[in-house]
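Colleague: File run07.cif follows (mmCIF, C-alpha atoms; chains and numbers go by the auth columns):
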data_my_file
loop_
_atom_site.group_PDB
_atom_site.id
_atom_site.type_symbol
_atom_site.label_atom_id
_atom_site.label_comp_id
_atom_site.label_asym_id
_atom_site.label_seq_id
_atom_site.Cartn_x
_atom_site.Cartn_y
_atom_site.Cartn_z
_atom_site.B_iso_or_equiv
_atom_site.auth_seq_id
_atom_site.auth_asym_id
ATOM 1 C CA MET A 1 -14.914 -17.924 12.754 0.00 1 A
ATOM 2 C CA SER A 2 -18.160 -17.326 10.937 0.00 2 A
ATOM 3 C CA THR A 3 -20.396 -20.145 9.783 0.00 3 A
ATOM 4 C CA THR A 4 -21.318 -21.088 6.260 0.00 4 A
ATOM 5 C CA GLU A 5 -24.891 -20.930 5.036 0.00 5 A
ATOM 6 C CA ASP A 6 -25.043 -24.688 4.589 0.00 6 A
ATOM 7 C CA GLY A 7 -23.874 -25.432 8.129 0.00 7 A
ATOM 8 C CA GLY A 8 -20.578 -26.743 6.767 0.00 8 A
ATOM 9 C CA VAL A 9 -17.049 -25.911 7.831 0.00 9 A
ATOM 10 C CA PRO A 10 -16.901 -22.479 9.472 0.00 10 A
ATOM 11 C CA LEU A 11 -15.262 -19.780 7.409 0.00 11 A
ATOM 12 C CA PRO A 12 -12.476 -17.742 8.949 0.00 12 A
ATOM 13 C CA ALA A 13 -13.206 -14.273 10.277 0.00 13 A
ATOM 14 C CA GLY A 14 -10.804 -11.600 11.391 0.00 14 A
ATOM 15 C CA PRO A 15 -7.345 -10.435 10.464 0.00 15 A
ATOM 16 C CA PHE A 16 -4.669 -12.447 8.687 0.00 16 A
ATOM 17 C CA ILE A 17 -1.048 -11.813 7.787 0.00 17 A
ATOM 18 C CA GLY A 18 1.332 -13.585 5.445 0.00 18 A
ATOM 19 C CA ARG A 19 1.114 -15.019 1.959 0.00 19 A
ATOM 20 C CA GLU A 20 0.218 -18.557 3.032 0.00 20 A
ATOM 21 C CA SER A 21 -2.452 -17.318 5.421 0.00 21 A
ATOM 22 C CA PHE A 22 -3.950 -15.288 2.579 0.00 22 A
ATOM 23 C CA ARG A 23 -3.838 -18.248 0.177 0.00 23 A
ATOM 24 C CA THR A 24 -5.467 -20.519 2.773 0.00 24 A
ATOM 25 C CA ARG A 25 -8.337 -18.073 3.206 0.00 25 A
ATOM 26 C CA VAL A 26 -8.841 -17.837 -0.562 0.00 26 A
ATOM 27 C CA ARG A 27 -9.005 -21.647 -0.725 0.00 27 A
ATOM 28 C CA GLU A 28 -11.502 -21.772 2.159 0.00 28 A
ATOM 29 C CA GLY A 29 -13.681 -19.067 0.633 0.00 29 A
ATOM 30 C CA LEU A 30 -13.831 -20.708 -2.794 0.00 30 A
ATOM 31 C CA SER A 31 -14.480 -24.098 -1.228 0.00 31 A
ATOM 32 C CA ALA A 32 -17.394 -22.631 0.738 0.00 32 A
ATOM 33 C CA ALA A 33 -18.713 -21.012 -2.461 0.00 33 A
ATOM 34 C CA GLY A 34 -18.814 -24.452 -4.080 0.00 34 A
ATOM 35 C CA ARG A 35 -20.421 -26.193 -1.096 0.00 35 A
ATOM 36 C CA ALA A 36 -23.039 -23.521 -0.424 0.00 36 A
ATOM 37 C CA GLY A 37 -23.726 -22.568 -4.040 0.00 37 A
ATOM 38 C CA TRP A 38 -23.052 -18.863 -3.643 0.00 38 A
ATOM 39 C CA ARG A 39 -24.588 -17.147 -6.661 0.00 39 A
ATOM 40 C CA GLU A 40 -22.038 -14.402 -7.207 0.00 40 A
ATOM 41 C CA LEU A 41 -18.290 -14.048 -6.780 0.00 41 A
ATOM 42 C CA ILE A 42 -15.963 -11.168 -7.571 0.00 42 A
ATOM 43 C CA LEU A 43 -12.217 -11.764 -7.577 0.00 43 A
ATOM 44 C CA CYS A 44 -10.146 -8.599 -7.845 0.00 44 A
ATOM 45 C CA ASP A 45 -6.371 -8.213 -7.848 0.00 45 A
ATOM 46 C CA ALA A 46 -3.828 -6.364 -9.946 0.00 46 A
ATOM 47 C CA SER A 47 -2.271 -9.619 -11.204 0.00 47 A
ATOM 48 C CA PHE A 48 -3.514 -12.596 -9.109 0.00 48 A
ATOM 49 C CA GLU A 49 0.154 -13.465 -8.641 0.00 49 A
ATOM 50 C CA ASP A 50 -0.218 -14.662 -5.033 0.00 50 A
ATOM 51 C CA TRP A 51 -3.587 -16.347 -5.458 0.00 51 A
ATOM 52 C CA PRO A 52 -3.778 -20.181 -5.487 0.00 52 A
ATOM 53 C CA LEU A 53 -5.972 -20.206 -8.610 0.00 53 A
ATOM 54 C CA GLY A 54 -3.879 -22.814 -10.417 0.00 54 A
ATOM 55 C CA GLU A 55 -4.226 -25.458 -7.712 0.00 55 A
ATOM 56 C CA ARG A 56 -6.343 -28.521 -8.447 0.00 56 A
ATOM 57 C CA ALA A 57 -8.346 -28.110 -5.200 0.00 57 A
ATOM 58 C CA VAL A 58 -9.239 -24.522 -6.105 0.00 58 A
ATOM 59 C CA VAL A 59 -10.305 -25.436 -9.637 0.00 59 A
ATOM 60 C CA ASP A 60 -12.353 -28.346 -8.213 0.00 60 A
ATOM 61 C CA ALA A 61 -14.055 -25.911 -5.816 0.00 61 A
ATOM 62 C CA LEU A 62 -14.824 -23.573 -8.717 0.00 62 A
ATOM 63 C CA GLU A 63 -16.210 -26.485 -10.748 0.00 63 A
ATOM 64 C CA ALA A 64 -18.499 -27.380 -7.843 0.00 64 A
ATOM 65 C CA TRP A 65 -19.541 -23.729 -7.600 0.00 65 A
ATOM 66 C CA ALA A 66 -20.281 -23.572 -11.344 0.00 66 A
ATOM 67 C CA ARG A 67 -22.659 -26.554 -11.147 0.00 67 A
ATOM 68 C CA GLY A 68 -25.039 -24.628 -8.881 0.00 68 A
ATOM 69 C CA GLY A 69 -26.956 -22.941 -11.700 0.00 69 A
ATOM 70 C CA GLY A 70 -27.278 -19.193 -12.220 0.00 70 A
ATOM 71 C CA GLN A 71 -23.787 -18.475 -10.911 0.00 71 A
ATOM 72 C CA ARG A 72 -21.776 -15.437 -11.975 0.00 72 A
ATOM 73 C CA LEU A 73 -18.036 -14.831 -11.510 0.00 73 A
ATOM 74 C CA THR A 74 -16.429 -11.496 -12.257 0.00 74 A
ATOM 75 C CA LEU A 75 -12.655 -11.239 -12.492 0.00 75 A
ATOM 76 C CA LEU A 76 -11.130 -7.785 -12.294 0.00 76 A
ATOM 77 C CA ALA A 77 -7.409 -7.246 -12.819 0.00 77 A
ATOM 78 C CA ARG A 78 -4.966 -4.732 -14.108 0.00 78 A
ATOM 79 C CA ARG A 79 -3.623 -7.275 -16.589 0.00 79 A
ATOM 80 C CA TYR A 80 -4.068 -11.017 -17.157 0.00 80 A
ATOM 81 C CA ASP A 81 -0.811 -12.042 -18.864 0.00 81 A
ATOM 82 C CA GLY A 82 0.744 -13.205 -15.583 0.00 82 A
ATOM 83 C CA LEU A 83 -2.359 -15.187 -14.663 0.00 83 A
ATOM 84 C CA GLU A 84 -2.130 -17.071 -17.954 0.00 84 A
ATOM 85 C CA ARG A 85 1.497 -18.029 -17.248 0.00 85 A
ATOM 86 C CA ARG A 86 1.131 -18.872 -13.545 0.00 86 A
ATOM 87 C CA HIS A 87 -2.270 -20.573 -13.475 0.00 87 A
ATOM 88 C CA PRO A 88 -2.780 -22.657 -16.656 0.00 88 A
ATOM 89 C CA LEU A 89 -5.237 -25.037 -14.955 0.00 89 A
ATOM 90 C CA PHE A 90 -7.430 -22.090 -13.991 0.00 90 A
ATOM 91 C CA VAL A 91 -7.163 -20.656 -17.526 0.00 91 A
ATOM 92 C CA HIS A 92 -8.356 -23.997 -18.943 0.00 92 A
ATOM 93 C CA TRP A 93 -11.310 -24.049 -16.513 0.00 93 A
ATOM 94 C CA ARG A 94 -12.094 -20.423 -17.389 0.00 94 A
ATOM 95 C CA ARG A 95 -12.360 -21.363 -21.064 0.00 95 A
ATOM 96 C CA GLN A 96 -14.781 -24.208 -20.256 0.00 96 A
ATOM 97 C CA CYS A 97 -16.959 -21.983 -18.071 0.00 97 A
ATOM 98 C CA ALA A 98 -16.733 -18.779 -20.117 0.00 98 A
ATOM 99 C CA HIS A 99 -20.521 -18.403 -20.053 0.00 99 A
ATOM 100 C CA LEU A 100 -20.360 -17.868 -16.263 0.00 100 A
ATOM 101 C CA ILE A 101 -17.337 -15.572 -16.160 0.00 101 A
ATOM 102 C CA GLU A 102 -16.869 -11.929 -17.023 0.00 102 A
ATOM 103 C CA CYS A 103 -13.289 -10.691 -17.108 0.00 103 A
ATOM 104 C CA ARG A 104 -12.623 -6.982 -16.819 0.00 104 A
ATOM 105 C CA GLY A 105 -9.381 -5.049 -16.898 0.00 105 A
ATOM 106 C CA VAL A 106 -8.052 -1.674 -15.780 0.00 106 A
ATOM 107 C CA PRO A 107 -4.645 -1.615 -17.500 0.00 107 A
ATOM 108 C CA THR A 108 -3.902 1.989 -16.493 0.00 108 A
ATOM 109 C CA ALA A 109 -4.405 1.320 -12.775 0.00 109 A
ATOM 110 C CA ASP A 110 -1.578 1.566 -10.284 0.00 110 A
ATOM 111 C CA ALA A 111 -0.932 -2.029 -9.222 0.00 111 A
ATOM 112 C CA LEU A 112 -0.668 -1.065 -5.533 0.00 112 A
ATOM 113 C CA ALA A 113 -3.863 1.016 -5.624 0.00 113 A
ATOM 114 C CA MET A 114 -6.017 -1.781 -7.022 0.00 114 A
ATOM 115 C CA PRO A 115 -7.919 -3.744 -4.359 0.00 115 A
ATOM 116 C CA SER A 116 -7.135 -7.379 -3.640 0.00 116 A
ATOM 117 C CA VAL A 117 -10.527 -8.859 -2.781 0.00 117 A
ATOM 118 C CA LEU A 118 -12.569 -12.049 -2.891 0.00 118 A
ATOM 119 C CA TRP A 119 -16.172 -10.859 -2.523 0.00 119 A
ATOM 120 C CA SER A 120 -19.483 -12.677 -2.262 0.00 120 A
ATOM 121 C CA PRO A 121 -22.818 -11.598 -0.789 0.00 121 A
ATOM 122 C CA GLU A 122 -22.116 -14.035 2.079 0.00 122 A
ATOM 123 C CA TRP A 123 -18.416 -13.557 2.926 0.00 123 A
ATOM 124 C CA ALA A 124 -15.491 -11.422 1.833 0.00 124 A
ATOM 125 C CA LEU A 125 -11.710 -11.293 2.064 0.00 125 A
ATOM 126 C CA GLU A 126 -9.685 -8.123 1.594 0.00 126 A
ATOM 127 C CA ARG A 127 -5.921 -7.703 1.567 0.00 127 A
ATOM 128 C CA HIS A 128 -5.016 -4.245 2.842 0.00 128 A
ATOM 129 C CA GLU A 129 -1.300 -4.664 2.183 0.00 129 A
ATOM 130 C CA VAL A 130 -0.429 -6.807 -0.805 0.00 130 A
ATOM 131 C CA LEU A 131 3.301 -6.865 -0.103 0.00 131 A
ATOM 132 C CA ARG A 132 2.818 -8.244 3.438 0.00 132 A
ATOM 133 C CA SER A 133 -0.377 -10.126 2.487 0.00 133 A
ATOM 134 C CA SER A 134 -2.205 -8.712 5.471 0.00 134 A
ATOM 135 C CA GLY A 135 -5.909 -8.093 5.607 0.00 135 A
ATOM 136 C CA VAL A 136 -9.218 -9.161 7.034 0.00 136 A
ATOM 137 C CA CYS A 137 -11.994 -11.577 6.149 0.00 137 A
ATOM 138 C CA GLY A 138 -15.452 -12.386 7.468 0.00 138 A
ATOM 139 C CA ASP A 139 -19.172 -12.100 6.934 0.00 139 A
ATOM 140 C CA GLU A 140 -19.902 -8.646 8.406 0.00 140 A
ATOM 141 C CA ALA A 141 -22.623 -7.027 6.279 0.00 141 A
ATOM 142 C CA ALA A 142 -21.276 -3.471 6.534 0.00 142 A
ATOM 143 C CA ARG A 143 -17.804 -4.489 5.356 0.00 143 A
ATOM 144 C CA ARG A 144 -19.218 -6.562 2.492 0.00 144 A
ATOM 145 C CA LEU A 145 -21.345 -3.591 1.393 0.00 145 A
ATOM 146 C CA ARG A 146 -18.364 -1.210 1.545 0.00 146 A
ATOM 147 C CA LEU A 147 -16.270 -3.640 -0.504 0.00 147 A
ATOM 148 C CA ARG A 148 -19.018 -4.069 -3.093 0.00 148 A
ATOM 149 C CA GLU A 149 -19.255 -0.301 -3.520 0.00 149 A
ATOM 150 C CA LEU A 150 -15.463 -0.108 -3.897 0.00 150 A
ATOM 151 C CA LEU A 151 -15.490 -2.906 -6.489 0.00 151 A
ATOM 152 C CA ASP A 152 -18.392 -1.300 -8.376 0.00 152 A
ATOM 153 C CA GLY A 153 -16.285 1.855 -8.724 0.00 153 A
ATOM 154 C CA TRP A 154 -13.414 -0.139 -10.189 0.00 154 A
ATOM 155 C CA LEU A 155 -15.754 -2.069 -12.475 0.00 155 A
ATOM 156 C CA GLU A 156 -17.116 1.211 -13.851 0.00 156 A
ATOM 157 C CA ARG A 157 -13.564 2.176 -14.870 0.00 157 A
ATOM 158 C CA SER A 158 -12.855 -1.227 -16.427 0.00 158 A
ATOM 159 C CA SER A 159 -13.295 -2.679 -19.881 0.00 159 A
ATOM 160 C CA PRO A 160 -13.636 -6.258 -21.189 0.00 160 A
ATOM 161 C CA ALA A 161 -10.382 -8.209 -20.967 0.00 161 A
ATOM 162 C CA PHE A 162 -8.928 -11.747 -20.989 0.00 162 A
ATOM 163 C CA ALA A 163 -11.026 -13.317 -23.734 0.00 163 A
ATOM 164 C CA ALA A 164 -11.882 -16.983 -23.242 0.00 164 A
ATOM 165 C CA SER A 165 -10.536 -17.785 -26.700 0.00 165 A
ATOM 166 C CA THR A 166 -8.516 -16.022 -29.327 0.00 166 A
ATOM 167 C CA LEU A 167 -10.127 -15.991 -32.732 0.00 167 A
ATOM 168 C CA GLY A 168 -7.884 -15.615 -35.732 0.00 168 A
ATOM 169 C CA LEU A 169 -8.150 -15.732 -39.471 0.00 169 A
#
Using structure tokens, write down the structure that the file contains.
Modeller:
Amino acid sequence: MSTTEDGGVPLPAGPFIGRESFRTRVREGLSAAGRAGWRELILCDASFEDWPLGERAVVDALEAWARGGGQRLTLLARRYDGLERRHPLFVHWRRQCAHLIECRGVPTADALAMPSVLWSPEWALERHEVLRSSGVCGDEAARRLRLRELLDGWLERSSPAFAASTLGL
């Protein structure tokens, strides 16, 4: 386990396997982001299907994170239509905090080639195999840097997506 910046609950470090193990680590990472006031988060996944984004505890953690001031969240997905159906509570929060959130899409990407990552400058989680939900998480600087470079490459290929509101005539 690695420690949080604020001396709070230690964050997990090392490998994980299984959908629930993955979801637990996402919850712990977002909770730590809220407690410690991490300035930047990047969430990347083809569809966010397995992510616990619609859970009240996760949205509460994101609300706590958003109150820190100067925060920035980037969402990167292949498509967002599934997220809207599966995580309505998150979608509502996203609309309220649109000024903090940039949503990007890569609709032509192969769903299995797109990374599944929760990244921050302090800690990161990466799923290597989406189907088995296996991966690794921790605060190692070299791994965080490698993941940021990978995400930057995907962000360069992306375009704005998932508008906070739909304007009509």
Colleague: My list of candidates is A:Ala164, A:Leu43, A:Ala77, A:Ala141. Which is closest to Trp93 in chain A when distances are computed with all atoms listed in the file?
Modeller: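 Looking at the shortest contact to Trp93 in chain A, the residue is A:Ala164.
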Colleague: The PyMOL selection byres ((chain A and resi 47) around 10) on the file shown: which residues, as a PyMOL selection string?
Modeller: chain A and resi 44-46+48-51+76-83+111+114+116
Colleague: Here's a test: counting all atoms listed in the file, identify every protein, DNA and RNA residue with an atom at most 10 Å from (-6.3, -19.2, -20.4) in the file's coordinate frame, and state them as a VMD selection string.
Modeller: chain A and resid 80 to 81 83 to 85 87 to 96 162 to 166
Colleague: Using C-alpha atoms, can you write the selected residues to a file as a PDB file, keeping the file's coordinate frame?
Modeller:
ATOM      1  CA  TYR A  80      -4.068 -11.017 -17.157  1.00  0.00           C
ATOM      2  CA  ASP A  81      -0.811 -12.042 -18.864  1.00  0.00           C
ATOM      3  CA  LEU A  83      -2.359 -15.187 -14.663  1.00  0.00           C
ATOM      4  CA  GLU A  84      -2.130 -17.071 -17.954  1.00  0.00           C
ATOM      5  CA  ARG A  85       1.497 -18.029 -17.248  1.00  0.00           C
ATOM      6  CA  HIS A  87      -2.270 -20.573 -13.475  1.00  0.00           C
ATOM      7  CA  PRO A  88      -2.780 -22.657 -16.656  1.00  0.00           C
ATOM      8  CA  LEU A  89      -5.237 -25.037 -14.955  1.00  0.00           C
ATOM      9  CA  PHE A  90      -7.430 -22.090 -13.991  1.00  0.00           C
ATOM     10  CA  VAL A  91      -7.163 -20.656 -17.526  1.00  0.00           C
ATOM     11  CA  HIS A  92      -8.356 -23.997 -18.943  1.00  0.00           C
ATOM     12  CA  TRP A  93     -11.310 -24.049 -16.513  1.00  0.00           C
ATOM     13  CA  ARG A  94     -12.094 -20.423 -17.389  1.00  0.00           C
ATOM     14  CA  ARG A  95     -12.360 -21.363 -21.064  1.00  0.00           C
ATOM     15  CA  GLN A  96     -14.781 -24.208 -20.256  1.00  0.00           C
ATOM     16  CA  PHE A 162      -8.928 -11.747 -20.989  1.00  0.00           C
ATOM     17  CA  ALA A 163     -11.026 -13.317 -23.734  1.00  0.00           C
ATOM     18  CA  ALA A 164     -11.882 -16.983 -23.242  1.00  0.00           C
ATOM     19  CA  SER A 165     -10.536 -17.785 -26.700  1.00  0.00           C
ATOM     20  CA  THR A 166      -8.516 -16.022 -29.327  1.00  0.00           C
TER      21      THR A 166
END
Colleague: For this structure, which residues satisfy the selection - the PyMOL selection byres ((chain A and resi 129) around 12) - when it is evaluated on the file as given? I want them as a list in words.
Modeller: Pro15, Phe16, Ile17, Gly18, Arg19, Phe22, Asp45, Ala111, Leu112, Ala113, Met114, Pro115, Ser116, Val117, Glu126, Arg127, His128, Val130, Leu131, Arg132, Ser133, Ser134, Gly135 and Val136 of chain A
Colleague: Just give me the gap between CA of Asp60 in chain A and CA of Arg144 in chain A in Å, one decimal is fine.
Modeller: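 Between these atoms lies a distance of 25.2 Å.
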